[in-house]
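Scroll down for the structure; my scribbles are underneath it.
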Amino acid sequence: MARRAPEAGGLLLRLHTGATLLFLYAPIVVLVVFSFTSDSFGVRWTGFTLRWYQRLFSDERLIGATLNTLLVATVATLIATVIGTMLAFAMERYRFRGRTGLEALLYVPIVIPEIVMALALLGFFALAFGLIDAWFGVRPVMGLATVIIAHVAFTVSFVVVVVRTSLKNFDVRLEEAAADLGADAWQTFRRITLPLIMPGIIGGALLGFTLSLDDFIITFFTTGPGTSLLPVEVYGQVKRAITPKINALSTLMLVASITLVFLSQFIQWRGRRSS
Amino acid sequence: MEQLSRYILIVASLMLLAACGGSTPTTPTTAPSSDAPAADGVDRERLAQELRVYNWTDYIDPALLDAFEQAYGVRVIVDNYDANEDMIAKVRAGGSGYDIVVPSDYAVETMWRDGLLQEINRAWLPNLGNLDPTLLDKYFDPGNRYSVPYMYGITGIAYQRSAFPDGITSWAVLFDPAQLERVRGQVSMLDDERETPGSALRFLGHSLNATDAAAIAEATALLQAQREYLAAYNSSDVNRKLASGEYLLAHAWSGQALQARNGLGDEFEGNPDIAFVIPNEGGAIWMDNMAILKDSPNAYTAHVFIDFLMRPELAAQNAGYIGYLTPNAAAIELLPETIRALYAEGFAPDEQVKQRLEWMVRDEQSTVFTELWTAVKGQ
Amino acid sequence: MAIGGITAAGVRSGARRRLAALLAPGLFWLIAFFAIPLVVVLAYSFAVPGPTGRIEWRFTLENYQRLFGETLYVSAYVRSLWVGLLTTVICLVMGYPLALFTVRQPPAWRAVLLFLILIPFWTNFLVRTYAWMVILSNNGIINATIQALGFPRQILYPGEGAVLIGLVYGQLPFMVLPLVAALDRFDFTLMEAAADLGASRRRAFWRIMLPLTAPGIAAGSVLVFIPTVGQFVVSDLLGGAKVDFLGNLLQRLFTRSNPPNWPLGSAMAVMFMLVLTVAIIAYFRATAEERR
């Protein structure tokens, strides 16, 4: 940590950061404000109401879809982060036959157009389920599990890209020093490597989570009867009209995530102080 | 911390395994048997517990699903799609798990030709007689062997009466640059490779199914010239943008126009200024239909549900909710007075307008419309 | 780069076993869910579309001939690549200082800032895009301000400017996260050393910081560029669906036309992936070389 420059950033940097945050939050402020408007088009301020929040709480389908989406994003991100970090290590630390081929394969999930991937996965699951049916006599149906598998599939590569960035700038001498001091490979990884590349891993995981939350096309084609997810519901609403009900939902999710972030920071801060 | 993350991983992988292994309860299970053959002729012993319907977004009154469950103890699960091709892709892959789908006219033909639908058993549909015979036996399903009409609509022009006090009688209002100039940036066309070229073809005096090179070239040029005046190609929230006043004029489906005029449930309020017209040069008619998938194990229950929706009072309730036109002749007179007044005003075709309407046929030649549309948007 | 053979680093059997363990799950996933589908897409691209949109298995090169022969397809490619490039550059210029500021905060604040950047992206993408429509519309906040200041109303949406704003907005975090990861590993004392040796701050930035954080720039650029080239929702919603991008064409050929044309769509997708994969690998190699 001593490597960080003492100053927190010049005035220009502060101004830029402020302006960028303003840009990032402008639409957020708009959607929060309009979750309280009495205008049913959700585009004008015509007075204060909590009507949309009431409507939201009575919409079981939307709430179910939200919970499904959070579940999928969390599980898919956990799996993708573990697999992706392992792959990143293999790619950065080893030379092996077929490495270039793997490199190309790794970028496929990033460069493949979503619609192509969605239809390919749809065909794949249909085929696999047909085989399972033929062999075991039970036919699985698409649902949360297939959505999770698909989301892991397309988030892994994003995790790999970000984690590799951390590994590329990694000073290998630190690991060698640990080994010289008698640490075995696992200890070196746990105590030295992992903490140092943690920002990369967390960045990759956050990226994966964000992608998973928002994915519409792949989700649409890999979900099944009765399993509804938020992006699919919202996309359907666009066809008709996005009501302030969706704004209300977004506002609640926003409040929840901000609370969660600050709470975790607070707990860490307390932990550091007491130790 | 380490233990926790390991625990989470284990739980997650277990969940995944459980979810993968979980197979569907598609085997027709019997509902709690009541005192046998009921008055409505439905054999409750043969009903499944659950019925899965794949439908367009917001295309059925949810109250009817509850009513069906009340009456027969069958839970109806509805999922949504927004394009026939999305639905067909999913069904064609196999094992979609759905029982009923709602393809539009041409899509019915695609699906039965590809062997995706099972034949309708008329003996299980006593309410079929309620339907308007002029809407049966159409080109896409001769003799209605595979499909039952669900909702239909027409395509024309929706507009704000205050902006067009003399009314509208011709597509020229959307294609003549001199007239377009006044509404620049406040007008939209449907984002559809058949509807929009179709309107141009009708304006030019052709059939909207014309595929000869000269007609297509003419329509392409017309649409290319029109584009700069448009706010957007929009087939999704036209209803809302008309109601809010953002569009003065729009190429629209009748149901969207009716929703703009009447409001949409409790989602937005209607705008009494909205009118709808099929121009003198003519417009399009289309229909969405209920059909049962070939791999559905719940065919009987599916028939019971389709028949249920054809009861006149329920069909009227459904049409009132959705805003499109019901093919159920017996339901028309049960519609609320306000809606029937709107029908009379032009939101539904009268006998005279019906003469100007044309079905959009899809065949081997239809690929020219994909190319036309790409040419219009690719300048 | 070692293409064939196991080089010195990996001779010991322990290392090999570790490598196998590291590769196994990811490789399984990639092969099952990408390599196999990829082969299918490749096969489709040489097939013929049937009258109902079903694939007919007759070999043809016609799909590729059309792709290169028709200027409409070529111009959609060029347009998409140009917009992708523009978005990437803007994201980089906006994202780099933001990432720099972030890593120079004390750890607790850094995490908070990182989350602050990401939280807007946990609300649904379409909802955020709708919010931009409200801001940019004729009666929106910006126009209200402009008019209050006495200027005439501007048509900001739908239009190309609105599309660009929407794209940059949607992609910014994908630039910032890899940059933060790269800058986090950057040794800032190098900058002081450079200053001690008489280099100007600007020179130190261009000669030391930028090259050393190149992997982050490369990763971020790729993560922004690719999705932008393939997008269609933003240009439909904020641009009024008036111009085709590559994403629109693919979407149309696969699931909007009747009948759909999967073979032509597949050919388009194959070319798209081929060009981009080659470009990315070349790009990463170049940015990696630069550091040596």
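Residues in the structure tokens are named by chain (A, B, ... in the order shown) and by number from 1 within that chain; ligands are numbered from 1 in the order shown.
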key: Residue set, segment 128-363 of chain B restricted to strand (DSSP E or B), as a ChimeraX atom specification   = /B:131,147-160,187-189,232-233,249-253,264,268,274-277,283-293,325,328,357-359
task = Could you list the residues in chain C lying within 6 Å of chain A, using only C-alpha atoms, and format the result as a ChimeraX atom specification?
result = /C:4-6,19,22-23,26,37,98,101,104-105,123-124,131-132,134,177-178,181-182,185,187-188,215-216,273
Store the residues picked out above in a file with N, CA, C and O atoms, as a short mmCIF file (atom, residue, chain, number, x, y, z; two decimals), in the first residue's frame.
data_model
loop_
_atom_site.label_atom_id
_atom_site.label_comp_id
_atom_site.auth_asym_id
_atom_site.auth_seq_id
_atom_site.Cartn_x
_atom_site.Cartn_y
_atom_site.Cartn_z
N GLY C 4 3.80 -24.63 -29.83
CA GLY C 4 3.80 -26.07 -29.62
C GLY C 4 4.76 -26.45 -28.51
O GLY C 4 5.67 -25.70 -28.15
N GLY C 5 4.54 -27.59 -27.93
CA GLY C 5 5.48 -28.13 -26.97
C GLY C 5 5.39 -27.50 -25.60
O GLY C 5 4.90 -26.40 -25.44
N ILE C 6 5.84 -28.20 -24.65
CA ILE C 6 5.81 -27.69 -23.29
C ILE C 6 7.18 -27.11 -23.00
O ILE C 6 8.19 -27.79 -23.10
N LEU C 19 -1.76 -27.62 -13.93
CA LEU C 19 -2.27 -26.99 -15.13
C LEU C 19 -3.56 -27.69 -15.60
O LEU C 19 -4.57 -27.04 -15.91
N LEU C 22 -6.38 -26.72 -13.44
CA LEU C 22 -6.82 -25.34 -13.67
C LEU C 22 -7.66 -25.24 -14.94
O LEU C 22 -8.63 -24.49 -15.02
N LEU C 23 -7.25 -26.02 -15.93
CA LEU C 23 -7.90 -25.91 -17.24
C LEU C 23 -9.23 -26.65 -17.32
O LEU C 23 -10.15 -26.22 -17.99
N GLY C 26 -12.96 -24.98 -16.95
CA GLY C 26 -13.18 -23.92 -17.93
C GLY C 26 -13.21 -24.48 -19.34
O GLY C 26 -14.05 -24.10 -20.17
N PRO C 37 -21.39 -25.39 -30.42
CA PRO C 37 -22.33 -24.50 -31.13
C PRO C 37 -21.66 -23.77 -32.30
O PRO C 37 -22.27 -23.54 -33.34
N LEU C 98 -11.05 8.56 -14.33
CA LEU C 98 -11.93 8.06 -13.27
C LEU C 98 -11.26 6.90 -12.55
O LEU C 98 -11.25 6.84 -11.32
N PHE C 101 -8.34 8.22 -10.44
CA PHE C 101 -8.82 8.83 -9.20
C PHE C 101 -9.19 7.74 -8.21
O PHE C 101 -8.86 7.82 -7.03
N ARG C 104 -6.36 5.90 -6.38
CA ARG C 104 -5.53 6.73 -5.50
C ARG C 104 -6.24 7.09 -4.21
O ARG C 104 -5.70 7.82 -3.39
N GLN C 105 -7.46 6.58 -4.04
CA GLN C 105 -8.15 6.82 -2.78
C GLN C 105 -7.69 5.79 -1.75
O GLN C 105 -7.21 4.71 -2.10
N THR C 123 -29.55 -1.41 -12.14
CA THR C 123 -30.95 -1.23 -12.52
C THR C 123 -31.03 -1.64 -13.99
O THR C 123 -30.07 -1.52 -14.74
N ASN C 124 -32.19 -2.09 -14.37
CA ASN C 124 -32.32 -2.68 -15.70
C ASN C 124 -31.93 -1.70 -16.80
O ASN C 124 -32.26 -0.53 -16.78
N ALA C 131 -34.97 6.26 -19.15
CA ALA C 131 -34.71 7.50 -18.41
C ALA C 131 -33.97 8.50 -19.30
O ALA C 131 -34.27 9.70 -19.27
N TRP C 132 -33.06 8.03 -20.13
CA TRP C 132 -32.39 8.94 -21.06
C TRP C 132 -33.37 9.53 -22.06
O TRP C 132 -33.27 10.70 -22.42
N VAL C 134 -36.38 10.24 -21.45
CA VAL C 134 -37.09 11.31 -20.73
C VAL C 134 -36.22 12.56 -20.66
O VAL C 134 -36.68 13.68 -20.89
N LEU C 177 -13.51 -0.94 -15.06
CA LEU C 177 -13.08 -2.06 -14.21
C LEU C 177 -11.70 -2.61 -14.59
O LEU C 177 -10.84 -2.73 -13.71
N PRO C 178 -11.45 -2.94 -15.85
CA PRO C 178 -10.09 -3.41 -16.17
C PRO C 178 -9.03 -2.35 -15.92
O PRO C 178 -7.91 -2.67 -15.51
N ALA C 181 -8.18 -2.41 -12.36
CA ALA C 181 -7.34 -3.59 -12.07
C ALA C 181 -5.90 -3.34 -12.50
O ALA C 181 -4.96 -3.70 -11.80
N ALA C 182 -5.69 -2.68 -13.65
CA ALA C 182 -4.34 -2.44 -14.14
C ALA C 182 -3.64 -1.35 -13.33
O ALA C 182 -2.47 -1.50 -12.94
N ARG C 185 -2.16 -2.22 -9.94
CA ARG C 185 -0.86 -2.88 -9.90
C ARG C 185 0.27 -1.93 -10.35
O ARG C 185 1.41 -2.32 -10.40
N ASP C 187 3.03 0.90 -10.14
CA ASP C 187 3.87 1.43 -9.07
C ASP C 187 4.03 2.94 -9.24
O ASP C 187 4.79 3.40 -10.08
N PHE C 188 3.29 3.69 -8.43
CA PHE C 188 3.28 5.14 -8.62
C PHE C 188 4.60 5.82 -8.27
O PHE C 188 4.84 6.96 -8.66
N PRO C 215 -2.16 -3.21 -20.73
CA PRO C 215 -3.04 -4.38 -20.72
C PRO C 215 -4.46 -4.03 -20.27
O PRO C 215 -5.43 -4.57 -20.79
N GLY C 216 -4.57 -3.11 -19.32
CA GLY C 216 -5.89 -2.69 -18.86
C GLY C 216 -6.63 -1.95 -19.95
O GLY C 216 -7.84 -2.13 -20.15
N MET C 273 -17.25 -12.76 -36.16
CA MET C 273 -16.41 -13.32 -35.11
C MET C 273 -14.96 -13.47 -35.56
O MET C 273 -14.03 -13.20 -34.81
#
task = Please report, as a PyMOL selection string, each residue of segment 81-125 of chain C to which DSSP assigns alpha helix (DSSP H) when run on this structure's backbone.
result = chain C and resi 81-103+107-118+125
Restricting it to C-alpha atoms, dump the selection as a PDB file, in the first residue's frame.
ATOM      1  CA  LEU C  81     -17.293  -0.571 -36.554  1.00  0.00           C
ATOM      2  CA  TRP C  82     -17.134   3.225 -36.691  1.00  0.00           C
ATOM      3  CA  VAL C  83     -19.666   3.686 -33.896  1.00  0.00           C
ATOM      4  CA  GLY C  84     -17.850   1.035 -31.868  1.00  0.00           C
ATOM      5  CA  LEU C  85     -14.555   2.849 -32.302  1.00  0.00           C
ATOM      6  CA  LEU C  86     -16.042   6.208 -31.365  1.00  0.00           C
ATOM      7  CA  THR C  87     -17.689   4.789 -28.252  1.00  0.00           C
ATOM      8  CA  THR C  88     -14.479   3.046 -27.192  1.00  0.00           C
ATOM      9  CA  VAL C  89     -12.383   6.197 -27.508  1.00  0.00           C
ATOM     10  CA  ILE C  90     -14.881   8.293 -25.552  1.00  0.00           C
ATOM     11  CA  CYS C  91     -15.120   5.625 -22.849  1.00  0.00           C
ATOM     12  CA  LEU C  92     -11.336   5.485 -22.599  1.00  0.00           C
ATOM     13  CA  VAL C  93     -10.985   9.254 -22.298  1.00  0.00           C
ATOM     14  CA  MET C  94     -13.730   9.385 -19.667  1.00  0.00           C
ATOM     15  CA  GLY C  95     -12.767   6.186 -17.899  1.00  0.00           C
ATOM     16  CA  TYR C  96      -9.013   6.529 -17.480  1.00  0.00           C
ATOM     17  CA  PRO C  97      -9.032   9.577 -15.189  1.00  0.00           C
ATOM     18  CA  LEU C  98     -11.930   8.064 -13.274  1.00  0.00           C
ATOM     19  CA  ALA C  99      -9.993   4.824 -12.716  1.00  0.00           C
ATOM     20  CA  LEU C 100      -6.903   6.833 -11.772  1.00  0.00           C
ATOM     21  CA  PHE C 101      -8.816   8.829  -9.204  1.00  0.00           C
ATOM     22  CA  THR C 102     -10.346   5.640  -7.846  1.00  0.00           C
ATOM     23  CA  VAL C 103      -7.102   3.751  -7.226  1.00  0.00           C
ATOM     24  CA  PRO C 107      -8.794   1.443   0.327  1.00  0.00           C
ATOM     25  CA  ALA C 108     -12.153   1.957   2.035  1.00  0.00           C
ATOM     26  CA  TRP C 109     -13.085   4.887  -0.189  1.00  0.00           C
ATOM     27  CA  ARG C 110     -11.806   3.120  -3.228  1.00  0.00           C
ATOM     28  CA  ALA C 111     -14.258   0.266  -2.746  1.00  0.00           C
ATOM     29  CA  VAL C 112     -17.100   2.710  -2.171  1.00  0.00           C
ATOM     30  CA  LEU C 113     -16.221   4.639  -5.302  1.00  0.00           C
ATOM     31  CA  LEU C 114     -16.013   1.470  -7.340  1.00  0.00           C
ATOM     32  CA  PHE C 115     -19.467   0.488  -6.196  1.00  0.00           C
ATOM     33  CA  LEU C 116     -20.789   3.978  -6.853  1.00  0.00           C
ATOM     34  CA  ILE C 117     -19.633   3.608 -10.440  1.00  0.00           C
ATOM     35  CA  LEU C 118     -21.278   0.215 -10.775  1.00  0.00           C
ATOM     36  CA  PHE C 125     -30.681  -1.521 -18.880  1.00  0.00           C
TER      37      PHE C 125
END
ask   = Which is closest to chain A among B:Trp124, B:Tyr59, B:Phe140, B:Tyr247, if we use only C-alpha atoms?
value =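 Closest candidate: B:Tyr59.
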Kindly assemble as CSV a list of the chain A residues that lie within 7 Å of chain B, each paired with its nearest atom pair and their distance in Å to one decimal, using only C-alpha atoms, sorted first by chain and then by ascending residue number.
residue,atom,partner,partner_atom,distance
A:Ser40,CA,B:Phe268,CA,4.9
A:Phe41,CA,B:Phe268,CA,6.0
A:Val75,CA,B:Ala12,CA,6.2
A:Leu122,CA,B:Ala93,CA,6.8
A:Gly123,CA,B:Ala93,CA,5.6
A:Ala126,CA,B:Ala93,CA,5.8
A:Val138,CA,B:Ser23,CA,6.3
A:Arg139,CA,B:Ser23,CA,6.0
A:Pro140,CA,B:Ser23,CA,4.5
A:Val141,CA,B:Thr24,CA,6.3
A:Ala145,CA,B:Ala19,CA,5.4
A:Phe221,CA,B:Lys90,CA,6.8
A:Gly224,CA,B:Ser96,CA,7.0
A:Pro225,CA,B:Gly97,CA,6.4
A:Gly226,CA,B:Ile77,CA,5.8
A:Gly236,CA,B:Thr57,CA,5.7
A:Val238,CA,B:Asp237,CA,6.6
A:Lys239,CA,B:Ser236,CA,4.1
A:Arg240,CA,B:Asp237,CA,5.3
A:Ala241,CA,B:Asp237,CA,5.8
A:Thr243,CA,B:Glu267,CA,6.2
Store the residues of this selection in a file with N, CA, C and O atoms, as a compact mmCIF listing (two decimals), in the first residue's frame.
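File result22.txt, as written:
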# COMPACT_ATOMS: atom_id res chain seq x y z
N SER A 40 -49.14 8.79 -15.18
CA SER A 40 -49.03 7.37 -15.48
C SER A 40 -48.07 7.10 -16.63
O SER A 40 -47.65 5.97 -16.83
N PHE A 41 -47.70 8.11 -17.39
CA PHE A 41 -46.72 7.88 -18.45
C PHE A 41 -45.31 7.85 -17.87
O PHE A 41 -44.37 7.43 -18.54
N VAL A 75 -25.50 -16.94 -8.40
CA VAL A 75 -24.92 -18.27 -8.58
C VAL A 75 -24.00 -18.30 -9.81
O VAL A 75 -22.87 -18.80 -9.74
N LEU A 122 -29.88 -22.81 -27.17
CA LEU A 122 -31.22 -23.40 -27.24
C LEU A 122 -31.16 -24.75 -27.94
O LEU A 122 -31.70 -25.75 -27.45
N GLY A 123 -30.47 -24.79 -29.08
CA GLY A 123 -30.33 -26.05 -29.81
C GLY A 123 -29.58 -27.09 -28.99
O GLY A 123 -29.97 -28.25 -28.94
N ALA A 126 -31.82 -28.48 -26.18
CA ALA A 126 -32.86 -29.35 -26.74
C ALA A 126 -32.28 -30.71 -27.09
O ALA A 126 -32.86 -31.75 -26.79
N VAL A 138 -36.59 -39.62 -18.61
CA VAL A 138 -37.16 -38.37 -18.08
C VAL A 138 -36.72 -37.22 -18.96
O VAL A 138 -35.56 -37.16 -19.37
N ARG A 139 -37.63 -36.35 -19.24
CA ARG A 139 -37.28 -35.22 -20.07
C ARG A 139 -37.17 -33.97 -19.22
O ARG A 139 -38.18 -33.45 -18.74
N PRO A 140 -35.95 -33.44 -19.03
CA PRO A 140 -35.84 -32.17 -18.28
C PRO A 140 -36.41 -31.04 -19.13
O PRO A 140 -36.53 -31.16 -20.35
N VAL A 141 -36.79 -29.97 -18.46
CA VAL A 141 -37.31 -28.80 -19.18
C VAL A 141 -36.45 -27.62 -18.81
O VAL A 141 -35.87 -27.57 -17.72
N ALA A 145 -31.94 -23.63 -14.04
CA ALA A 145 -30.65 -24.29 -14.19
C ALA A 145 -30.05 -23.98 -15.55
O ALA A 145 -28.85 -23.66 -15.66
N PHE A 221 -34.09 -17.17 -24.48
CA PHE A 221 -34.08 -18.44 -25.21
C PHE A 221 -33.69 -19.64 -24.35
O PHE A 221 -33.79 -20.77 -24.80
N GLY A 224 -37.56 -21.47 -19.27
CA GLY A 224 -38.64 -22.39 -19.61
C GLY A 224 -39.97 -21.97 -18.99
O GLY A 224 -40.07 -20.90 -18.40
N PRO A 225 -40.99 -22.82 -19.14
CA PRO A 225 -42.33 -22.46 -18.69
C PRO A 225 -42.36 -22.08 -17.21
O PRO A 225 -41.81 -22.79 -16.38
N GLY A 226 -42.97 -20.97 -16.92
CA GLY A 226 -43.19 -20.57 -15.53
C GLY A 226 -41.97 -19.95 -14.86
O GLY A 226 -42.05 -19.54 -13.72
N GLY A 236 -40.80 -7.20 -22.28
CA GLY A 236 -42.21 -7.33 -22.66
C GLY A 236 -42.97 -6.04 -22.39
O GLY A 236 -43.83 -5.63 -23.17
N VAL A 238 -41.81 -3.04 -22.45
CA VAL A 238 -41.46 -2.00 -23.41
C VAL A 238 -42.42 -2.05 -24.59
O VAL A 238 -42.78 -1.03 -25.18
N LYS A 239 -42.85 -3.26 -24.92
CA LYS A 239 -43.77 -3.44 -26.03
C LYS A 239 -45.09 -2.73 -25.75
O LYS A 239 -45.84 -2.41 -26.65
N ARG A 240 -45.43 -2.59 -24.50
CA ARG A 240 -46.70 -2.00 -24.15
C ARG A 240 -46.47 -0.61 -23.58
O ARG A 240 -46.87 0.37 -24.15
N ALA A 241 -45.81 -0.55 -22.48
CA ALA A 241 -45.52 0.72 -21.84
C ALA A 241 -44.78 0.42 -20.56
O ALA A 241 -45.25 -0.38 -19.77
N THR A 243 -44.24 1.20 -17.08
CA THR A 243 -44.98 2.02 -16.11
C THR A 243 -44.04 2.44 -14.99
O THR A 243 -42.99 1.84 -14.80
inquiry  = Give me, as a VMD selection string, the residues of chain B touching chain C, with the criterion being at most 7 Å (counting only C-alpha atoms).
reply    = chain B and resid 85 to 86 110 231 to 233 364 370 375 377 to 378
key: Point-to-point distance in Å for atom CA of Val159 of chain A and atom CA of Trp206 of chain C   =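 Spanning atom CA of Trp206 of chain C to atom CA of Val159 of chain A is a straight-line distance of 28.1 Å.
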request  = Excluding Val361 of chain B and any residue of its chain fewer than 3 positions from it, enumerate the residues within 10 Å of it, using only C-alpha atoms, and give them as a list in words.
outcome  = Asp105, Tyr106, Tyr139, Phe140, Arg194, Leu208, Asn209, Ala210, Glu358, Gln365 and Ser366 of chain B
task = Give me the residues within 7 Å of segment 251-255 of chain B as JSON, numbers by chain, counting only C-alpha atoms and dropping any in the same chain fewer than 3 places off.
result = {"B": [153, 154, 155, 156, 157, 158, 188, 189, 190, 258, 259, 323, 324, 347]}
